[in-house]
$ cat my_file_4.txt   # compact mmCIF, C-alpha atoms
# COMPACT_ATOMS: atom_id res chain seq x y z
CA MET A 715 0.00 0.00 0.00
CA GLU A 716 1.43 3.32 -1.02
CA VAL A 717 2.04 5.99 1.58
CA PRO A 718 0.36 9.33 0.64
CA GLU A 719 2.90 12.01 -0.23
CA ASP A 720 1.36 14.51 2.19
CA ARG A 721 1.69 12.15 5.19
CA PRO A 722 4.88 12.39 7.29
CA ARG A 723 7.18 9.40 6.97
CA PRO A 724 7.86 7.21 10.08
CA GLY A 725 10.22 8.97 12.53
CA ARG A 726 9.67 12.44 11.09
CA ARG A 727 7.24 13.52 13.88
CA THR A 728 9.83 12.77 16.58
CA ALA A 729 12.45 14.76 14.72
CA LEU A 730 10.08 17.73 14.47
CA LEU A 731 9.41 17.67 18.23
CA ILE A 732 13.14 17.62 19.00
CA ALA A 733 13.80 20.46 16.54
CA GLY A 734 10.98 22.52 18.07
CA ALA A 735 12.41 22.10 21.59
CA ALA A 736 15.84 23.18 20.35
CA VAL A 737 14.38 26.32 18.77
CA LEU A 738 12.56 27.22 21.99
CA GLY A 739 15.81 26.79 23.90
CA LEU A 740 17.67 29.12 21.54
CA VAL A 741 14.94 31.76 21.83
CA ALA A 742 14.96 31.60 25.62
CA GLY A 743 18.74 31.86 25.77
CA THR A 744 18.70 34.86 23.45
CA CYS A 745 16.16 36.66 25.63
CA VAL A 746 18.19 36.07 28.81
CA GLY A 747 21.36 37.31 27.11
CA TYR A 748 19.63 40.44 25.88
CA LEU A 749 18.38 41.27 29.43
CA VAL A 750 21.84 40.78 30.91
CA GLN A 751 23.41 42.99 28.25
CA ALA A 752 20.76 45.70 28.78
CA ASP A 753 21.71 46.02 32.50
CA ARG A 754 25.39 46.62 31.70
CA ALA A 755 26.89 50.12 31.40
CA PRO A 756 27.75 51.11 27.78
CA THR A 757 31.38 50.68 26.77
CA PRO A 758 32.88 54.08 25.87
CA LEU A 759 34.07 54.54 22.26
CA PRO A 760 37.71 55.42 21.52
CA PRO A 761 38.41 59.12 20.88
CA LEU A 762 38.01 60.27 17.27
CA SER A 763 40.94 62.67 17.32
CA GLN A 764 44.25 61.42 15.92
CA PRO A 765 47.80 62.74 16.31
CA VAL A 766 48.60 65.54 13.89
CA LEU A 767 50.98 64.35 11.20
CA ALA A 768 53.87 66.63 10.32
CA GLN A 769 53.84 67.87 6.73
CA ALA A 770 56.78 66.80 4.65
CA GLY A 771 59.16 69.57 3.73
CA GLY A 772 60.79 70.39 0.43
CA GLU A 773 59.36 71.04 -3.01
CA GLY A 774 57.09 68.66 -4.88
CA PRO A 775 58.25 66.58 -7.84
CA GLU A 776 58.90 68.29 -11.14
CA PRO A 777 56.14 67.85 -13.75
CA LEU A 778 56.80 65.24 -16.41
CA SER A 779 58.29 66.42 -19.67
CA ALA A 780 56.55 65.89 -23.02
CA ALA A 781 58.94 63.00 -23.68
CA GLN A 782 57.73 61.28 -20.49
CA ASP A 783 54.07 62.28 -20.61
CA ARG A 784 52.50 61.37 -23.94
CA GLY A 785 49.23 62.97 -22.93
CA LEU A 786 50.94 66.35 -22.62
CA ARG A 787 52.13 66.11 -26.20
CA THR A 788 48.76 65.19 -27.70
CA GLU A 789 46.85 67.83 -25.72
CA GLY A 790 48.44 70.59 -27.79
CA ASP A 791 48.09 71.32 -31.51
CA LEU A 792 47.65 67.86 -32.98
CA ARG A 793 48.63 69.15 -36.43
CA LYS A 794 52.21 69.72 -35.23
CA LEU A 795 52.62 65.98 -34.72
CA LEU A 796 51.89 65.18 -38.36
CA LEU A 797 54.72 64.46 -40.78
CA ARG A 798 55.66 67.36 -43.00
CA LYS A 799 55.06 67.40 -46.73
CA PRO A 800 58.24 66.14 -48.44
CA ALA A 801 60.33 68.58 -50.45
CA GLY A 802 59.34 68.62 -54.10
CA SER A 803 55.80 67.36 -53.47
CA LYS A 804 52.60 69.32 -53.90
CA ALA A 805 50.03 69.91 -51.16
CA ALA A 806 46.88 67.90 -51.79
CA ASP A 807 44.17 69.97 -53.46
CA TRP A 808 41.34 68.26 -51.57
CA LEU A 809 42.75 69.45 -48.22
CA GLU A 810 43.14 73.14 -49.08
CA ARG A 811 40.05 74.24 -47.10
CA THR A 812 40.65 72.07 -44.04
CA ASP A 813 43.39 74.17 -42.37
CA GLY A 814 44.85 70.85 -41.23
CA TRP A 815 41.71 69.86 -39.30
CA LEU A 816 38.96 67.39 -40.19
CA ASP A 817 35.69 68.09 -38.41
CA PHE A 818 33.22 65.34 -37.62
CA PRO A 819 31.18 65.53 -40.87
CA ALA A 820 34.32 65.72 -43.02
CA TYR A 821 35.81 62.70 -41.27
CA LEU A 822 32.61 60.71 -41.83
CA GLY A 823 32.40 61.75 -45.48
CA ASP A 824 35.05 59.25 -46.61
CA PHE A 825 33.19 56.21 -45.31
CA THR A 826 30.99 54.21 -47.67
CA ASN A 827 28.06 54.46 -45.23
CA PRO A 828 28.39 57.78 -43.36
CA GLY A 829 24.97 57.46 -41.70
CA ASP A 830 25.83 54.18 -40.02
CA ARG A 831 29.31 55.41 -39.21
CA PHE A 832 27.92 58.54 -37.54
CA ARG A 833 26.35 56.59 -34.69
CA ARG A 834 29.33 54.35 -34.19
CA THR A 835 31.88 57.17 -34.23
CA ALA A 836 29.76 59.25 -31.87
CA ASP A 837 29.63 56.28 -29.50
CA ASP A 838 33.43 56.10 -29.76
CA GLU A 839 33.57 59.69 -28.42
CA PHE A 840 35.27 61.28 -31.42
CA ARG A 841 37.13 64.40 -30.28
CA ARG A 842 39.07 65.79 -33.26
CA ALA A 843 41.17 64.80 -36.28
CA ALA A 844 44.23 66.40 -37.88
CA VAL A 845 45.21 65.69 -41.48
CA VAL A 846 48.01 66.28 -43.97
CA GLY A 847 48.28 65.15 -47.57
CA TRP A 848 50.43 65.58 -50.64
CA GLU A 849 50.82 64.57 -54.28
CA SER A 850 54.07 63.48 -55.84
CA GLY A 851 55.15 62.36 -59.30
CA ARG A 852 52.51 61.61 -61.87
CA SER A 853 49.91 59.88 -59.69
CA LEU A 854 51.14 59.23 -56.13
CA THR A 855 48.91 60.65 -53.39
CA VAL A 856 49.38 60.37 -49.62
CA GLU A 857 47.02 61.21 -46.77
CA ILE A 858 47.85 60.91 -43.05
CA ARG A 859 45.29 61.36 -40.28
CA LEU A 860 45.62 61.53 -36.52
CA VAL A 861 42.21 60.87 -34.98
CA GLN A 862 41.78 61.61 -31.27
CA PHE A 863 39.06 60.21 -29.00
CA ARG A 864 37.92 61.19 -25.50
CA GLN A 865 38.03 57.57 -24.29
CA ASP A 866 35.87 58.11 -21.20
CA ASN A 867 34.31 54.65 -21.48
CA LYS A 868 36.53 52.48 -23.70
CA PRO A 869 39.85 52.39 -25.61
CA ALA A 870 38.31 53.88 -28.76
CA ALA A 871 41.61 54.70 -30.51
CA ALA A 872 42.77 51.09 -30.37
CA ASP A 873 39.29 49.88 -31.37
CA SER A 874 39.26 52.20 -34.39
CA SER A 875 42.68 50.96 -35.50
CA ASP A 876 41.62 47.33 -35.08
CA GLU A 877 38.49 47.90 -37.17
CA HIS A 878 40.47 49.44 -40.04
CA GLN A 879 42.86 46.50 -39.89
CA ARG A 880 40.01 44.01 -40.16
CA TRP A 881 38.75 45.74 -43.31
CA ALA A 882 42.27 45.81 -44.78
CA ASP A 883 42.72 42.10 -44.10
CA TYR A 884 39.39 41.40 -45.77
CA GLN A 885 40.58 42.59 -49.18
CA GLU A 886 42.00 40.01 -51.55
CA GLY A 887 45.59 40.27 -52.72
CA THR A 888 46.84 41.97 -49.56
CA ASP A 889 50.24 41.72 -47.88
CA SER A 890 50.75 43.05 -44.35
CA TRP A 891 53.50 43.59 -41.77
CA GLY A 892 53.67 44.68 -38.16
CA ILE A 893 54.86 48.23 -37.53
CA PRO A 894 57.83 48.11 -35.11
CA GLY A 895 57.26 49.73 -31.73
CA THR A 896 53.48 49.93 -32.05
CA GLY A 897 52.29 46.69 -30.50
CA SER A 898 49.41 45.72 -32.81
CA GLY A 899 49.94 48.35 -35.55
CA ARG A 900 50.11 47.02 -39.11
CA ALA A 901 50.90 48.24 -42.63
CA TYR A 902 49.19 46.87 -45.75
CA VAL A 903 49.93 46.78 -49.47
CA HIS A 904 47.04 45.83 -51.75
CA THR A 905 48.54 44.13 -54.80
CA ARG A 906 45.28 44.00 -56.76
CA PRO A 907 44.39 47.42 -58.22
CA HIS A 908 40.96 48.99 -58.21
CA THR A 909 39.79 49.33 -61.82
CA GLU A 910 37.06 51.37 -63.50
CA PRO A 911 36.39 51.84 -67.23
CA GLY A 912 38.10 54.95 -68.54
CA TYR A 913 40.50 55.25 -65.58
CA GLU A 914 43.97 53.97 -64.85
CA PRO A 915 44.24 51.09 -62.38
CA GLN A 916 44.67 52.37 -58.82
CA TYR A 917 46.89 50.56 -56.37
CA SER A 918 46.69 51.33 -52.66
CA ALA A 919 48.47 50.86 -49.35
CA GLU A 920 47.46 51.78 -45.80
CA ALA A 921 48.71 51.66 -42.22
CA HIS A 922 46.86 51.73 -38.90
CA ALA A 923 48.14 51.97 -35.34
CA SER A 924 47.27 53.74 -32.09
CA ARG A 925 49.04 55.28 -29.15
CA GLY A 926 47.07 56.44 -26.14
CA ASP A 927 43.94 58.24 -27.29
CA VAL A 928 45.18 58.86 -30.86
CA ALA A 929 44.69 56.57 -33.86
CA MET A 930 46.95 56.92 -36.90
CA GLU A 931 45.62 56.34 -40.41
CA ILE A 932 47.81 56.45 -43.54
CA TRP A 933 46.43 56.04 -47.06
CA ILE A 934 48.54 55.87 -50.25
CA TYR A 935 47.29 55.62 -53.85
CA ASP A 936 49.22 55.27 -57.11
CA SER A 937 48.77 54.02 -60.65
CA LYS A 938 51.58 51.50 -60.11
CA PRO A 939 52.26 48.98 -57.32
CA ILE A 940 53.33 50.58 -54.03
CA PRO A 941 56.50 49.16 -52.42
CA LYS A 942 56.44 47.89 -48.85
CA LYS A 943 59.23 50.32 -47.96
CA THR A 944 57.08 53.33 -48.87
CA ILE A 945 54.21 52.58 -46.46
CA MET A 946 56.44 51.17 -43.70
CA ASP A 947 58.72 54.21 -43.71
CA LEU A 948 55.81 56.63 -43.40
CA ALA A 949 54.15 54.57 -40.66
CA GLU A 950 57.29 54.25 -38.55
CA ARG A 951 58.22 57.93 -38.82
CA GLN A 952 54.68 59.08 -38.03
CA MET A 953 54.40 56.87 -34.96
CA GLU A 954 57.75 58.13 -33.70
CA ARG A 955 56.29 61.64 -33.63
CA LEU A 956 53.57 60.39 -31.27
$ encode --input "my_file_4.txt" --output "structure tokens"
Amino acid sequence: MEVPEDRPRPGRRTALLIAGAAVLGLVAGTCVGYLVQADRAPTPLPPLSQPVLAQAGGEGPEPLSAAQDRGLRTEGDLRKLLLRKPAGSKAADWLERTDGWLDFPAYLGDFTNPGDRFRRTADDEFRRAAVVGWESGRSLTVEIRLVQFRQDNKPAAADSSDEHQRWADYQEGTDSWGIPGTGSGRAYVHTRPHTEPGYEPQYSAEAHASRGDVAMEIWIYDSKPIPKKTIMDLAERQMERL
């Protein structure tokens, strides 16, 4: 015959009686202890005052120099950290009205989907961007950008560099190399040119790295293949200035 599930099993009633007696004993003991403690005089608290500490003498430490404090360097005119236009080259026509600065809309204008990029770059706390560019020879063009972020919530400069690198790796016919002294910075040469009817083939190279709150972007275009040395030299020299 099955035992109903709501009926206590043999021996359970005895255990409940013993447990109830134990609980009553604990309650009674607690009450007695409380009454004893209530009759006692309060224990005085230790004094709050502490001995006065003597102030150290001498002058404080000297502020860090720009070589030691990278933030001090990038808080100034970001344009001064850009590489200079090489002798014999021509300033890029498309940058004549920028005065060396790219505002938020101008920075977004070079993306294939500026509307989508607007939200993402705003979330990344875009602060400002400095730019320099030049043309050399028959068809070589160079553009270098230093993009600075506020970075209140995340390492946006490093994230921006990583995203550009993922897009560069995605393209077919691409060779890449690490940029010395930059950690995860990389330079890319795209060996397959972009072609359009009526136009010369366009080869490209790029480099992306970050330091602190600044992301570096370098873009090179030419009608002939771009040597590794060209993009690597620019990337290394630009990062040294940061």
$ closest_residue --input "my_file_4.txt" --among "A:Val928, A:Ala949, A:Ile858, A:Ile934" --to "A:Ala901" --atoms "all atoms listed in the file"
A:Ala949
$ atom_distance --input "my_file_4.txt" --atom1 "atom CA of A:Val856" --atom2 "atom CA of A:Glu877"
20.7 Å
$ closest_residue --input "my_file_4.txt" --among "A:Leu797, A:Gly823, A:Ile932, A:Ser937" --to "A:Tyr913" --atoms "all atoms listed in the file"
A:Ser937
$ atom_distance --input "my_file_4.txt" --atom1 "atom CA of A:Ser853" --atom2 "atom CA of A:Thr896"
29.6 Å
$ residues_around --input "my_file_4.txt" --residues "A:Leu795" --least-positions-apart "4" --cutoff "8 Å" --atoms "only C-alpha atoms" --output "PyMOL selection string"
chain A and resi 791+952+955-956
$ residues_around --input "my_file_4.txt" --residues "A:Gly887" --least-positions-apart "4" --cutoff "6 Å" --atoms "only C-alpha atoms" --output "list of chain:residue names"
A:His904, A:Thr905, A:Arg906
$ write_last_selection --input "my_file_4.txt" --atoms "C-alpha atoms" --output "PDB file, in the coordinates of the input"
ATOM      1  CA  HIS A 904      47.040  45.830 -51.750  1.00  0.00           C
ATOM      2  CA  THR A 905      48.540  44.130 -54.800  1.00  0.00           C
ATOM      3  CA  ARG A 906      45.280  44.000 -56.760  1.00  0.00           C
TER       4      ARG A 906
END
$ atom_distance --input "my_file_4.txt" --atom1 "atom CA of A:Lys938" --atom2 "atom CA of A:Glu914"
9.3 Å
$ closest_residue --input "my_file_4.txt" --among "A:Asn867, A:Val903, A:Tyr821, A:Leu948" --to "A:Pro800" --atoms "only C-alpha atoms"
A:Leu948
